[in-house]
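K.L.:
Please find one structure pasted underneath; my questions will follow.
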Amino acid sequence: MSIFGIDGALAPYLILIFFGFLPSEIWRFMSVFVARRIDENSEIFVYVRTIAAVLLVGIVAKLIFTPSGVLALVPLAARLGAVGVGAAAFLIFRRSVLVAVFAGEAAIIALGYYFVR
Amino acid sequence: MQEPDAGDTGGLTRFEWALEGLRQALTGPAFFVAIAMIGVGGLARGADFPFGAAIASTFLIWAGPAQVLFFGGISAGTALTAVALSICVSSMRLMPMCLSVLPMLHTKRTRLPTLIAASHFVAVTVWVESLRRLPDIPRGARLAFFFGFATTCITTTAACTGAGFFLVSALPAPFAVGLLFLTPAYFLSTIVRSARVATDWFALAFGLALAPISQALIGGGFDLLALGLVGGTGAYVAGRAVNRRA
């Protein structure tokens with residue numbers, strides 16, 4: 001890893017600060033100085049929030065479609081199957097995130113035993 | 001001389017209120033948010049970041065989606081400027097959260113650096129719990145309670161991020177698979193759980209549908225940003241169309 005011509009041990013931390021911390025923290029910092037309340041229901045805000053929602057869905061989809069590490073050793077169809085198991089559990093157990101995550105995890109670990117070991 | 005609203009701490013010292021914040025965090029929230037973020041440690045390792053940077057990401061960024069975008073984006077080969085822009089858009093939602101919590105913490109004696117420090121701890125879990133718990137706490141004690149509560153949450157979460165970093169390589173392969181699957185599983189579930197209006201569902205559908213397409217068509221590190229803009233605009237327009245008809 002290298003950034004701004006700086007190599008080695010410091011580079012990941014500089015990347016974290018400049019490309020992760022600052023772009024996020026700017027909103028918290030600015031909010032301290034914004035005296036009046038922003039209207040959460042204004043159209044521009046709804047639009048920005050929608051973009052942010054799609055971005056998050058997009059990166060989550062990427063983690064499922066093109067994962068890193070050992071998860072990539074489980075075939076795509078099996079990964080989507082585990083998502084399906086989680087979704088089914090979610091619908092059956094009254095939209096519980098906890099149950100959905102546990103069911104999806106149980107499925108992917110079982111598939112992990114089959115495909116990775 | 002003390003302003004009436006600044007001095008009242010309801011009989012306990014500020015230190016005792018900070019401990020009360022710590023105690024209440026440990027009754028649940030500090031663990032929920034921490035467990036949800038174990039996967040981020042695995043993502044950090046996947047993106048070739050060192051252990052210290054995985055922990056630092058929780059202390060510095062302290063926003064799950066932004067951390068997922070950061071490590072997930074980098075390991076997917078996204079350009080750093082595009083990663084930063086995505087995070088900037090994603091973290092915009094922190095502003096209204098801060099704007100609704102900070103006035104509850106503020107007293108006439110509160111100094112600016114204290115408020116800036118407090119704003120750093122605002123993220124979805126701390127925000128929700130603060131809105132719920134702060135009204136019952138005397139105004140003069142709220143900052144102490146808030147810092148006790150929030151630093152407990154951030155510390156348990158950083159510990160779990162660090163644990164995830166090691167677990168992803170120390171665990172038997174099937175469990176490492178499970179750990180890497182934890183982040184998408186958790187975020188996908190919460191996105192579906194919190195979807196309320198048509199726009200939310202369109203955002204989910206457009207994001208899922210466009211992710212493989214944008215990667216194939218655009219790539220080059222800017223596909224995520226294009227996905228957000230195209231999919232976000234599409235979901236917004238589609239959501240409005242549905243609302244108008246309803």
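Residue numbering restarts at 1 in every chain; chains get A, B, ... in the order shown in the structure tokens, and ligands count up from 1 in that same order.
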What's around Ala107 of chain A at 10 Å? Count only C-alpha atoms, leave out sequence neighbours fewer than 4 positions away in its own chain, and write the answer as JSON, numbers by chain.
P.N.:
{"A": [78, 79, 81, 82, 83, 84, 85, 86, 101, 102, 103, 111, 112], "B": [178]}
K.L.:
Which polymer residues have any atom within 8 Å of an atom of segment 188-193 of chain B, counting only C-alpha atoms, with same-chain residues fewer than 5 positions away left out, as an MDAnalysis selection string?
P.N.:
(chainID A and resid 57 60 87 90 95:97 100:101) or (chainID B and resid 201 204)
K.L.:
Please produce an output containing C-alpha atoms for each residue in the selection, written as a compact mmCIF listing (two decimals), in the first residue's frame.
P.N.:
# COMPACT_ATOMS: atom_id res chain seq x y z
CA VAL A 57 -27.07 -2.18 -1.04
CA VAL A 60 -23.44 -5.52 0.20
CA ALA A 87 -34.78 -14.35 3.72
CA PHE A 90 -36.88 -13.50 8.08
CA ARG A 95 -39.17 -9.99 10.23
CA SER A 96 -36.51 -10.71 12.87
CA VAL A 97 -33.01 -9.57 11.85
CA ALA A 100 -32.44 -14.07 9.59
CA VAL A 101 -28.73 -13.61 10.31
CA TRP B 201 -37.77 -0.98 -1.72
CA LEU B 204 -32.96 -2.28 -2.50
K.L.:
With only C-alpha atoms as the counted atoms, please give the residues lying no more than 9 Å from Ala205 of chain B, apart from itself and same-chain residues fewer than 5 positions off, as a CSV table (one decimal) with C-alpha atoms, in the first residue's frame.
P.N.:
chain,number,residue,atom,x,y,z
A,54,VAL,CA,-28.4,2.2,-3.0
A,57,VAL,CA,-27.1,-2.2,-1.0
B,200,ASP,CA,-36.7,2.1,0.2
B,210,LEU,CA,-27.2,-2.9,-10.7
B,231,GLY,CA,-29.6,3.5,-8.9
B,235,ALA,CA,-35.2,4.6,-7.0
K.L.:
Could you list, as a short mmCIF file (atom, residue, chain, number, x, y, z; two decimals) with N, CA and C atoms, in the first residue's frame, the residues of chain A having an atom within 7 Å of chain B when counting only C-alpha atoms?
P.N.:
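And here is the file that came out, result_13.cif:
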data_model
loop_
_atom_site.label_atom_id
_atom_site.label_comp_id
_atom_site.auth_asym_id
_atom_site.auth_seq_id
_atom_site.Cartn_x
_atom_site.Cartn_y
_atom_site.Cartn_z
N PRO A 12 -1.52 2.68 5.31
CA PRO A 12 -2.92 2.30 5.56
C PRO A 12 -3.65 3.28 6.48
N TYR A 13 -2.91 3.84 7.46
CA TYR A 13 -3.52 4.76 8.40
C TYR A 13 -3.84 6.10 7.73
N LEU A 16 -6.84 5.53 5.67
CA LEU A 16 -8.00 5.48 6.55
C LEU A 16 -8.46 6.89 6.95
N PHE A 19 -9.40 9.04 3.37
CA PHE A 19 -10.44 8.52 2.48
C PHE A 19 -11.57 7.83 3.25
N GLY A 20 -11.42 7.66 4.57
CA GLY A 20 -12.47 7.03 5.36
C GLY A 20 -12.99 7.96 6.46
N PHE A 21 -12.08 8.42 7.32
CA PHE A 21 -12.47 9.22 8.48
C PHE A 21 -12.99 10.61 8.10
N PRO A 23 -14.05 12.10 5.17
CA PRO A 23 -15.29 12.26 4.41
C PRO A 23 -16.53 11.95 5.24
N SER A 24 -16.38 11.14 6.29
CA SER A 24 -17.51 10.78 7.14
C SER A 24 -17.68 11.82 8.24
N TRP A 27 -19.56 15.62 8.31
CA TRP A 27 -20.98 15.86 8.57
C TRP A 27 -21.25 16.05 10.06
N ARG A 28 -20.58 15.28 10.89
CA ARG A 28 -20.74 15.45 12.34
C ARG A 28 -20.21 16.82 12.76
N PHE A 29 -19.04 17.16 12.22
CA PHE A 29 -18.39 18.42 12.57
C PHE A 29 -19.27 19.60 12.17
N SER A 31 -22.44 19.66 11.69
CA SER A 31 -23.72 19.72 12.39
C SER A 31 -23.61 20.54 13.68
N VAL A 32 -22.42 20.55 14.28
CA VAL A 32 -22.23 21.32 15.51
C VAL A 32 -22.43 22.81 15.23
N ARG A 37 -32.26 23.51 12.45
CA ARG A 37 -32.45 22.11 12.08
C ARG A 37 -32.70 21.98 10.59
N ILE A 38 -32.04 20.98 10.01
CA ILE A 38 -32.31 20.67 8.60
C ILE A 38 -33.63 19.90 8.55
N GLU A 40 -35.61 17.08 7.64
CA GLU A 40 -35.29 15.71 7.23
C GLU A 40 -36.18 15.23 6.09
N TYR A 47 -33.56 12.50 -1.57
CA TYR A 47 -32.78 12.07 -2.73
C TYR A 47 -31.39 11.57 -2.30
N ARG A 49 -30.47 10.56 0.62
CA ARG A 49 -30.60 9.37 1.43
C ARG A 49 -30.83 8.13 0.55
N THR A 50 -31.57 8.33 -0.55
CA THR A 50 -31.80 7.22 -1.47
C THR A 50 -30.51 6.78 -2.14
N ILE A 51 -29.69 7.75 -2.56
CA ILE A 51 -28.39 7.42 -3.16
C ILE A 51 -27.55 6.63 -2.15
N ALA A 52 -27.54 7.11 -0.90
CA ALA A 52 -26.75 6.43 0.14
C ALA A 52 -27.26 5.00 0.35
N ALA A 53 -28.59 4.83 0.30
CA ALA A 53 -29.17 3.50 0.49
C ALA A 53 -28.75 2.56 -0.62
N VAL A 54 -28.80 3.05 -1.88
CA VAL A 54 -28.42 2.22 -3.03
C VAL A 54 -26.93 1.88 -2.96
N LEU A 55 -26.11 2.85 -2.53
CA LEU A 55 -24.66 2.60 -2.38
C LEU A 55 -24.43 1.45 -1.41
N LEU A 56 -25.13 1.48 -0.27
CA LEU A 56 -24.92 0.44 0.73
C LEU A 56 -25.40 -0.92 0.21
N VAL A 57 -26.57 -0.93 -0.45
CA VAL A 57 -27.07 -2.18 -1.04
C VAL A 57 -26.05 -2.68 -2.08
N GLY A 58 -25.50 -1.75 -2.85
CA GLY A 58 -24.53 -2.11 -3.88
C GLY A 58 -23.30 -2.79 -3.31
N ILE A 59 -22.75 -2.23 -2.23
CA ILE A 59 -21.52 -2.82 -1.67
C ILE A 59 -21.85 -4.15 -1.00
N VAL A 60 -23.03 -4.25 -0.40
CA VAL A 60 -23.44 -5.52 0.20
C VAL A 60 -23.61 -6.59 -0.88
N ALA A 61 -24.21 -6.18 -2.01
CA ALA A 61 -24.37 -7.10 -3.14
C ALA A 61 -23.01 -7.56 -3.65
N LYS A 62 -22.05 -6.62 -3.73
CA LYS A 62 -20.69 -6.97 -4.17
C LYS A 62 -20.05 -7.99 -3.22
N LEU A 63 -20.31 -7.83 -1.91
CA LEU A 63 -19.73 -8.76 -0.94
C LEU A 63 -20.30 -10.16 -1.12
N ILE A 64 -21.51 -10.24 -1.69
CA ILE A 64 -22.12 -11.54 -1.94
C ILE A 64 -21.73 -12.07 -3.33
N SER A 68 -14.37 -11.66 -0.96
CA SER A 68 -12.93 -11.88 -0.81
C SER A 68 -12.72 -13.12 0.05
N GLY A 69 -11.48 -13.60 0.08
CA GLY A 69 -11.10 -14.68 0.98
C GLY A 69 -11.82 -15.99 0.72
N VAL A 70 -11.99 -16.76 1.81
CA VAL A 70 -12.54 -18.11 1.68
C VAL A 70 -14.00 -18.12 1.22
N LEU A 71 -14.71 -17.01 1.43
CA LEU A 71 -16.11 -16.97 1.01
C LEU A 71 -16.20 -17.15 -0.51
N ARG A 95 -40.14 -11.01 10.62
CA ARG A 95 -39.17 -9.99 10.23
C ARG A 95 -38.10 -9.76 11.31
N VAL A 97 -34.36 -9.65 12.41
CA VAL A 97 -33.01 -9.57 11.85
C VAL A 97 -32.13 -10.66 12.46
N ALA A 100 -32.89 -14.04 10.98
CA ALA A 100 -32.44 -14.07 9.59
C ALA A 100 -30.94 -14.27 9.51
N VAL A 101 -30.19 -13.52 10.34
CA VAL A 101 -28.73 -13.61 10.31
C VAL A 101 -28.29 -15.00 10.77
N GLY A 104 -29.13 -17.56 7.97
CA GLY A 104 -28.21 -17.38 6.84
C GLY A 104 -26.82 -17.89 7.19
N GLU A 105 -26.38 -17.59 8.43
CA GLU A 105 -25.06 -18.03 8.90
C GLU A 105 -24.99 -19.56 8.98
N ILE A 108 -24.65 -20.87 5.45
CA ILE A 108 -23.37 -20.63 4.76
C ILE A 108 -22.26 -21.46 5.43
N ILE A 109 -22.34 -21.67 6.75
CA ILE A 109 -21.33 -22.48 7.43
C ILE A 109 -21.45 -23.95 7.00
N GLY A 112 -20.09 -24.11 3.74
CA GLY A 112 -18.65 -23.99 3.87
C GLY A 112 -18.01 -25.36 4.14
N TYR A 113 -18.66 -26.15 4.99
CA TYR A 113 -18.15 -27.49 5.26
C TYR A 113 -18.13 -28.35 4.00
N VAL A 116 -15.58 -26.01 1.13
CA VAL A 116 -14.24 -25.48 1.43
C VAL A 116 -13.32 -26.53 2.05
N ARG A 117 -13.92 -27.43 2.85
CA ARG A 117 -13.04 -28.36 3.54
C ARG A 117 -12.45 -29.44 2.64
#
K.L.:
With DSSP run on the backbone, what are the strand (DSSP E or B) residues within chain A? I'd like them as an MDAnalysis selection string.
P.N.:
chainID A and resid 2:3 6:7
K.L.:
Include N, CA and C atoms and write out the residues we just selected as a tab-separated table (two decimals), in the first residue's frame.
P.N.:
chain	number	residue	atom	x	y	z
A	2	SER	N	0.50	2.25	-0.78
A	2	SER	CA	1.22	3.52	-0.71
A	2	SER	C	0.25	4.65	-1.04
A	3	ILE	N	0.51	5.81	-0.45
A	3	ILE	CA	-0.38	6.95	-0.66
A	3	ILE	C	0.43	8.24	-0.49
A	6	ILE	N	3.93	8.08	0.15
A	6	ILE	CA	4.40	7.48	1.40
A	6	ILE	C	4.11	5.98	1.34
A	7	ASP	N	5.12	5.21	1.61
A	7	ASP	CA	5.01	3.76	1.54
A	7	ASP	C	5.03	3.18	2.94
